[in-house]
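Text of upload-v1.pdb (PDB, C-alpha atoms, pLDDT in the B column) as supplied:
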ATOM      1  CA  MET A   1      -4.472  18.203  -2.766  1.00 62.00           C
ATOM      2  CA  ARG A   2      -2.041  17.170  -5.459  1.00 86.00           C
ATOM      3  CA  GLN A   3      -1.439  13.532  -6.250  1.00 92.00           C
ATOM      4  CA  ILE A   4       1.658  12.111  -7.883  1.00 95.00           C
ATOM      5  CA  PRO A   5       1.224   8.845  -9.829  1.00 96.00           C
ATOM      6  CA  VAL A   6       3.776   6.177  -8.846  1.00 96.00           C
ATOM      7  CA  ASP A   7       5.093   3.807 -11.529  1.00 94.00           C
ATOM      8  CA  THR A   8       5.764   0.441  -9.866  1.00 93.00           C
ATOM      9  CA  ALA A   9       7.219  -1.238 -12.981  1.00 92.00           C
ATOM     10  CA  ALA A  10      10.815  -1.101 -11.688  1.00 92.00           C
ATOM     11  CA  MET A  11       9.877  -2.197  -8.143  1.00 94.00           C
ATOM     12  CA  THR A  12       9.439  -5.467  -6.344  1.00 95.00           C
ATOM     13  CA  VAL A  13       6.595  -5.111  -3.834  1.00 97.00           C
ATOM     14  CA  MET A  14       5.945  -7.698  -1.115  1.00 96.00           C
ATOM     15  CA  LEU A  15       3.312  -7.755   1.600  1.00 97.00           C
ATOM     16  CA  ILE A  16       4.822  -7.457   5.098  1.00 97.00           C
ATOM     17  CA  GLN A  17       1.677  -8.265   7.100  1.00 95.00           C
ATOM     18  CA  ALA A  18      -2.010  -8.861   6.490  1.00 94.00           C
ATOM     19  CA  PRO A  19      -3.972  -5.657   5.725  1.00 96.00           C
ATOM     20  CA  GLU A  20      -5.630  -4.111   8.794  1.00 96.00           C
ATOM     21  CA  PRO A  21      -8.372  -1.503   9.156  1.00 97.00           C
ATOM     22  CA  LYS A  22      -6.945   2.001   9.423  1.00 97.00           C
ATOM     23  CA  ILE A  23      -7.651   3.549  12.820  1.00 97.00           C
ATOM     24  CA  LYS A  24      -8.796   7.175  12.679  1.00 95.00           C
ATOM     25  CA  ASN A  25      -8.870   7.771  16.446  1.00 94.00           C
ATOM     26  CA  ARG A  26      -6.661   5.585  18.641  1.00 93.00           C
ATOM     27  CA  GLU A  27      -8.428   6.661  21.822  1.00 95.00           C
ATOM     28  CA  THR A  28     -11.881   5.592  20.646  1.00 95.00           C
ATOM     29  CA  GLY A  29     -10.828   2.902  18.166  1.00 94.00           C
ATOM     30  CA  GLU A  30     -12.812   4.643  15.415  1.00 97.00           C
ATOM     31  CA  VAL A  31     -12.017   3.162  12.006  1.00 97.00           C
ATOM     32  CA  ALA A  32     -11.192   5.460   9.064  1.00 97.00           C
ATOM     33  CA  ILE A  33     -13.808   5.643   6.301  1.00 97.00           C
ATOM     34  CA  ASP A  34     -13.354   6.849   2.710  1.00 95.00           C
ATOM     35  CA  LYS A  35     -15.293  10.113   2.429  1.00 92.00           C
ATOM     36  CA  GLN A  36     -16.463   9.461  -1.131  1.00 91.00           C
ATOM     37  CA  SER A  37     -17.354   5.764  -1.086  1.00 93.00           C
ATOM     38  CA  GLY A  38     -18.138   5.201   2.596  1.00 96.00           C
ATOM     39  CA  LYS A  39     -15.912   2.090   2.574  1.00 97.00           C
ATOM     40  CA  THR A  40     -13.560   1.192   5.425  1.00 98.00           C
ATOM     41  CA  LEU A  41      -9.936   2.090   4.727  1.00 98.00           C
ATOM     42  CA  PHE A  42      -7.162  -0.456   5.281  1.00 98.00           C
ATOM     43  CA  ASN A  43      -3.452  -0.004   5.977  1.00 98.00           C
ATOM     44  CA  VAL A  44      -1.372  -2.294   3.794  1.00 98.00           C
ATOM     45  CA  ASN A  45       2.248  -2.611   4.917  1.00 98.00           C
ATOM     46  CA  VAL A  46       4.603  -3.514   2.099  1.00 98.00           C
ATOM     47  CA  ALA A  47       8.314  -3.789   1.409  1.00 97.00           C
ATOM     48  CA  VAL A  48       9.270  -1.948  -1.760  1.00 96.00           C
ATOM     49  CA  ILE A  49      12.584  -2.978  -3.294  1.00 95.00           C
ATOM     50  CA  VAL A  50      14.220  -0.754  -5.900  1.00 94.00           C
ATOM     51  CA  ASP A  51      17.802  -1.377  -7.097  1.00 94.00           C
ATOM     52  CA  GLY A  52      18.262  -3.911  -4.288  1.00 93.00           C
ATOM     53  CA  ARG A  53      17.337  -1.411  -1.578  1.00 95.00           C
ATOM     54  CA  PRO A  54      14.243  -2.168   0.510  1.00 94.00           C
ATOM     55  CA  ASP A  55      11.932   0.358   2.153  1.00 95.00           C
ATOM     56  CA  ALA A  56       8.835  -0.302   4.231  1.00 97.00           C
ATOM     57  CA  LEU A  57       5.741   1.701   3.271  1.00 97.00           C
ATOM     58  CA  THR A  58       2.151   1.823   4.391  1.00 98.00           C
ATOM     59  CA  ILE A  59      -0.355   2.077   1.548  1.00 98.00           C
ATOM     60  CA  VAL A  60      -4.019   2.968   2.179  1.00 98.00           C
ATOM     61  CA  VAL A  61      -6.594   0.950   0.219  1.00 98.00           C
ATOM     62  CA  ALA A  62     -10.407   0.922   0.501  1.00 97.00           C
ATOM     63  CA  GLU A  63     -11.859  -2.396   1.717  1.00 96.00           C
ATOM     64  CA  ASP A  64     -13.291  -3.399  -1.669  1.00 96.00           C
ATOM     65  CA  GLY A  65      -9.775  -3.160  -3.171  1.00 96.00           C
ATOM     66  CA  VAL A  66      -8.178  -5.572  -0.701  1.00 97.00           C
ATOM     67  CA  GLN A  67      -7.818  -9.112  -2.057  1.00 95.00           C
ATOM     68  CA  PRO A  68      -8.898 -11.388   0.834  1.00 91.00           C
ATOM     69  CA  ASP A  69      -6.375 -14.236   0.507  1.00 91.00           C
ATOM     70  CA  LEU A  70      -3.138 -12.224   0.759  1.00 94.00           C
ATOM     71  CA  PHE A  71      -0.377 -13.437   3.075  1.00 95.00           C
ATOM     72  CA  PRO A  72       2.903 -11.958   4.354  1.00 96.00           C
ATOM     73  CA  GLY A  73       5.772 -12.393   1.910  1.00 95.00           C
ATOM     74  CA  ALA A  74       3.487 -12.531  -1.110  1.00 95.00           C
ATOM     75  CA  PRO A  75       4.448 -10.372  -4.093  1.00 96.00           C
ATOM     76  CA  VAL A  76       1.661  -7.845  -4.665  1.00 97.00           C
ATOM     77  CA  ALA A  77       0.553  -5.301  -7.248  1.00 96.00           C
ATOM     78  CA  LEU A  78      -0.691  -1.835  -6.290  1.00 97.00           C
ATOM     79  CA  PRO A  79      -2.765  -0.505  -9.204  1.00 96.00           C
ATOM     80  CA  GLY A  80      -3.547   3.186  -9.128  1.00 96.00           C
ATOM     81  CA  LEU A  81      -0.764   3.947  -6.625  1.00 97.00           C
ATOM     82  CA  VAL A  82      -0.362   7.664  -5.907  1.00 98.00           C
ATOM     83  CA  ALA A  83       1.790   9.667  -3.512  1.00 97.00           C
ATOM     84  CA  ARG A  84       0.265  12.619  -1.658  1.00 95.00           C
ATOM     85  CA  PRO A  85       2.540  15.135   0.074  1.00 94.00           C
ATOM     86  CA  TRP A  86       1.089  16.402   3.373  1.00 92.00           C
ATOM     87  CA  GLU A  87       1.981  18.992   5.977  1.00 93.00           C
ATOM     88  CA  ASN A  88       0.456  20.114   9.254  1.00 92.00           C
ATOM     89  CA  ASP A  89       1.512  21.780  12.514  1.00 94.00           C
ATOM     90  CA  PHE A  90       3.174  18.555  13.679  1.00 91.00           C
ATOM     91  CA  GLY A  91       5.257  17.729  10.615  1.00 94.00           C
ATOM     92  CA  HIS A  92       5.176  16.724   6.983  1.00 95.00           C
ATOM     93  CA  GLY A  93       5.571  13.643   4.840  1.00 94.00           C
ATOM     94  CA  ILE A  94       4.158  11.593   2.004  1.00 95.00           C
ATOM     95  CA  SER A  95       1.134   9.313   2.211  1.00 96.00           C
ATOM     96  CA  TYR A  96       0.387   6.593  -0.323  1.00 97.00           C
ATOM     97  CA  ARG A  97      -2.928   5.339  -1.629  1.00 97.00           C
ATOM     98  CA  ALA A  98      -3.812   2.655  -4.182  1.00 97.00           C
ATOM     99  CA  THR A  99      -7.087   1.528  -5.699  1.00 96.00           C
ATOM    100  CA  ALA A 100      -6.271  -2.095  -4.834  1.00 97.00           C
ATOM    101  CA  VAL A 101      -3.751  -4.536  -3.428  1.00 97.00           C
ATOM    102  CA  MET A 102      -3.679  -7.906  -5.149  1.00 96.00           C
ATOM    103  CA  ALA A 103      -1.452 -10.930  -5.520  1.00 95.00           C
ATOM    104  CA  GLN A 104       0.997 -10.639  -8.367  1.00 89.00           C
ATOM    105  CA  ALA A 105       1.985 -13.720 -10.303  1.00 73.00           C
ATOM    106  CA  GLN A 106       5.569 -14.680  -9.538  1.00 59.00           C
ATOM    107  CA  GLN A 107       7.934 -15.228 -12.409  1.00 53.00           C
ATOM    108  CA  VAL A 108       9.927 -18.424 -12.051  1.00 50.00           C
ATOM    109  CA  PRO A 109      13.514 -17.996 -13.257  1.00 50.00           C
ATOM    110  CA  ALA A 110      14.373 -20.313 -16.106  1.00 49.00           C
ATOM    111  CA  ALA A 111      17.247 -22.774 -15.796  1.00 52.00           C
ATOM    112  CA  SER A 112      20.239 -22.314 -18.080  1.00 49.00           C
ATOM    113  CA  ASN A 113      18.724 -24.730 -20.615  1.00 53.00           C
ATOM    114  CA  GLY A 114      15.477 -22.767 -20.734  1.00 53.00           C
ATOM    115  CA  LYS A 115      13.559 -25.312 -18.663  1.00 53.00           C
ATOM    116  CA  VAL A 116      12.092 -24.661 -15.251  1.00 50.00           C
TER     117      VAL A 116
END

Please lay out the structure from this file as structure tokens.
Amino acid sequence: MRQIPVDTAAMTVMLIQAPEPKIKNRETGEVAIDKQSGKTLFNVNVAVIVDGRPDALTIVVAEDGVQPDLFPGAPVALPGLVARPWENDFGHGISYRATAVMAQAQQVPAASNGKV
């Protein structure tokens, strides 16, 4: 499956809600597991703002990449973010995966005299 690296430098990314385990089977409640590492996968819902236009995305991150003290509204970084096109009998789309989700230091705008 091809992966497309996503450059987040021109984006503002904010957490919409606390990360939650990804459910593989809604009927049984089975949680999704990363096939290579065996770690639980988490859905991370974020707002991505580019050129003043927001979009809501769900990013998948393995449990060891989820910073534990994240809160809704916090600016976050998504290192290793990739987009993966998918298609099946029911439709098509793009899924997103990152190696981590972590708090990003906010930049405080300087006052006109250069002081905060």

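Interatomic distance, CA of Ala77 (chain A) against CA of Val31 (chain A): 24.5 Å.
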
(request) For each of A:Ile33, A:Val82, A:Met11, A:Leu41, take the minimum atom-to-atom distance to Asp55 (chain A), counting only C-alpha atoms, then give the residue where this is smallest. (result) A:Met11

(request) Considering only C-alpha atoms, state which residue in the set A:Ala32, A:Ala98, A:Ala105, A:Val6 is at the smallest distance from Gly65 (chain A). (result) A:Ala98

Compile a residue-level contact table for region 3-79 of chain A against region 91-96 of chain A at a cut-off of 12 Å, reporting for every qualifying residue the shortest atom pair and its distance in Å to one decimal, with only C-alpha atoms counted, rows ordered by chain and ascending number, as JSON lines.
{"residue": "A:Gln3", "atom": "CA", "partner": "A:Tyr96", "partner_atom": "CA", "distance": 9.3}
{"residue": "A:Ile4", "atom": "CA", "partner": "A:Tyr96", "partner_atom": "CA", "distance": 9.4}
{"residue": "A:Pro5", "atom": "CA", "partner": "A:Tyr96", "partner_atom": "CA", "distance": 9.8}
{"residue": "A:Val6", "atom": "CA", "partner": "A:Tyr96", "partner_atom": "CA", "distance": 9.2}
{"residue": "A:Phe42", "atom": "CA", "partner": "A:Tyr96", "partner_atom": "CA", "distance": 11.8}
{"residue": "A:Asn43", "atom": "CA", "partner": "A:Tyr96", "partner_atom": "CA", "distance": 9.9}
{"residue": "A:Val44", "atom": "CA", "partner": "A:Tyr96", "partner_atom": "CA", "distance": 10.0}
{"residue": "A:Asn45", "atom": "CA", "partner": "A:Tyr96", "partner_atom": "CA", "distance": 10.8}
{"residue": "A:Val46", "atom": "CA", "partner": "A:Tyr96", "partner_atom": "CA", "distance": 11.2}
{"residue": "A:Ala56", "atom": "CA", "partner": "A:Tyr96", "partner_atom": "CA", "distance": 11.8}
{"residue": "A:Leu57", "atom": "CA", "partner": "A:Tyr96", "partner_atom": "CA", "distance": 8.1}
{"residue": "A:Thr58", "atom": "CA", "partner": "A:Tyr96", "partner_atom": "CA", "distance": 6.9}
{"residue": "A:Ile59", "atom": "CA", "partner": "A:Tyr96", "partner_atom": "CA", "distance": 4.9}
{"residue": "A:Val60", "atom": "CA", "partner": "A:Tyr96", "partner_atom": "CA", "distance": 6.2}
{"residue": "A:Val61", "atom": "CA", "partner": "A:Tyr96", "partner_atom": "CA", "distance": 9.0}
{"residue": "A:Leu78", "atom": "CA", "partner": "A:Tyr96", "partner_atom": "CA", "distance": 10.4}
{"residue": "A:Pro79", "atom": "CA", "partner": "A:Tyr96", "partner_atom": "CA", "distance": 11.8}

(message) I'd like the interatomic distance between CA of Thr99 (chain A) and CA of Asp34 (chain A), to a tenth of an Å.
(response)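 These two atoms are separated by 11.8 Å.
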
(message) What would the selection look like, as a list in words, if the PyMOL selection byres ((chain A and resi 13-15) around 6) were run on the coordinates I just shared?
(response)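 Taken over the shown coordinates, the PyMOL selection byres ((chain A and resi 13-15) around 6) returns Thr12, Ile16, Gln17, Val46, Ala47, Val48, Pro72, Gly73, Ala74, Pro75 and Val76 of chain A.
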
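Distance-wise, CA of Met102 (chain A) and CA of Lys24 (chain A) end up 23.9 Å apart.
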
(request) Can you work out which one of A:Arg26, A:Glu20, A:Gln36, A:Arg97 has the shortest atom-to-atom distance to Pro85 (chain A), counting all atoms listed in the file? (result) A:Arg97

Once the PyMOL selection byres ((chain A and resi 67-69) around 10) is applied to the coordinates I shared, what remains selected? I want it as a PDB file with C-alpha atoms, in the coordinates of the input.
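After the write, result-v5.pdb holds the following:
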ATOM      1  CA  ALA A  18      -2.010  -8.861   6.490  1.00 94.00           C
ATOM      2  CA  PRO A  19      -3.972  -5.657   5.725  1.00 96.00           C
ATOM      3  CA  GLU A  63     -11.859  -2.396   1.717  1.00 96.00           C
ATOM      4  CA  ASP A  64     -13.291  -3.399  -1.669  1.00 96.00           C
ATOM      5  CA  GLY A  65      -9.775  -3.160  -3.171  1.00 96.00           C
ATOM      6  CA  VAL A  66      -8.178  -5.572  -0.701  1.00 97.00           C
ATOM      7  CA  LEU A  70      -3.138 -12.224   0.759  1.00 94.00           C
ATOM      8  CA  PHE A  71      -0.377 -13.437   3.075  1.00 95.00           C
ATOM      9  CA  VAL A  76       1.661  -7.845  -4.665  1.00 97.00           C
ATOM     10  CA  ALA A 100      -6.271  -2.095  -4.834  1.00 97.00           C
ATOM     11  CA  VAL A 101      -3.751  -4.536  -3.428  1.00 97.00           C
ATOM     12  CA  MET A 102      -3.679  -7.906  -5.149  1.00 96.00           C
ATOM     13  CA  ALA A 103      -1.452 -10.930  -5.520  1.00 95.00           C
TER      14      ALA A 103
END

(request) Determine the nearest neighbour of Lys35 (chain A) from the options A:Asp7, A:Asp89, A:Ala62, A:Arg84, counting all atoms listed in the file. (result)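 Answer, going by the shortest atom-to-atom distance: A:Ala62.
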
Please put the answer as lines of an AutoDock Vina configuration file: centre and edge lengths, in Å with one decimal, of a box along x, y and z that encloses all listed atoms of region 34-44 of chain A plus 8 Å on each side.
center_x = -9.8
center_y = 3.9
center_z = 2.4
size_x = 32.8
size_y = 28.4
size_z = 23.1
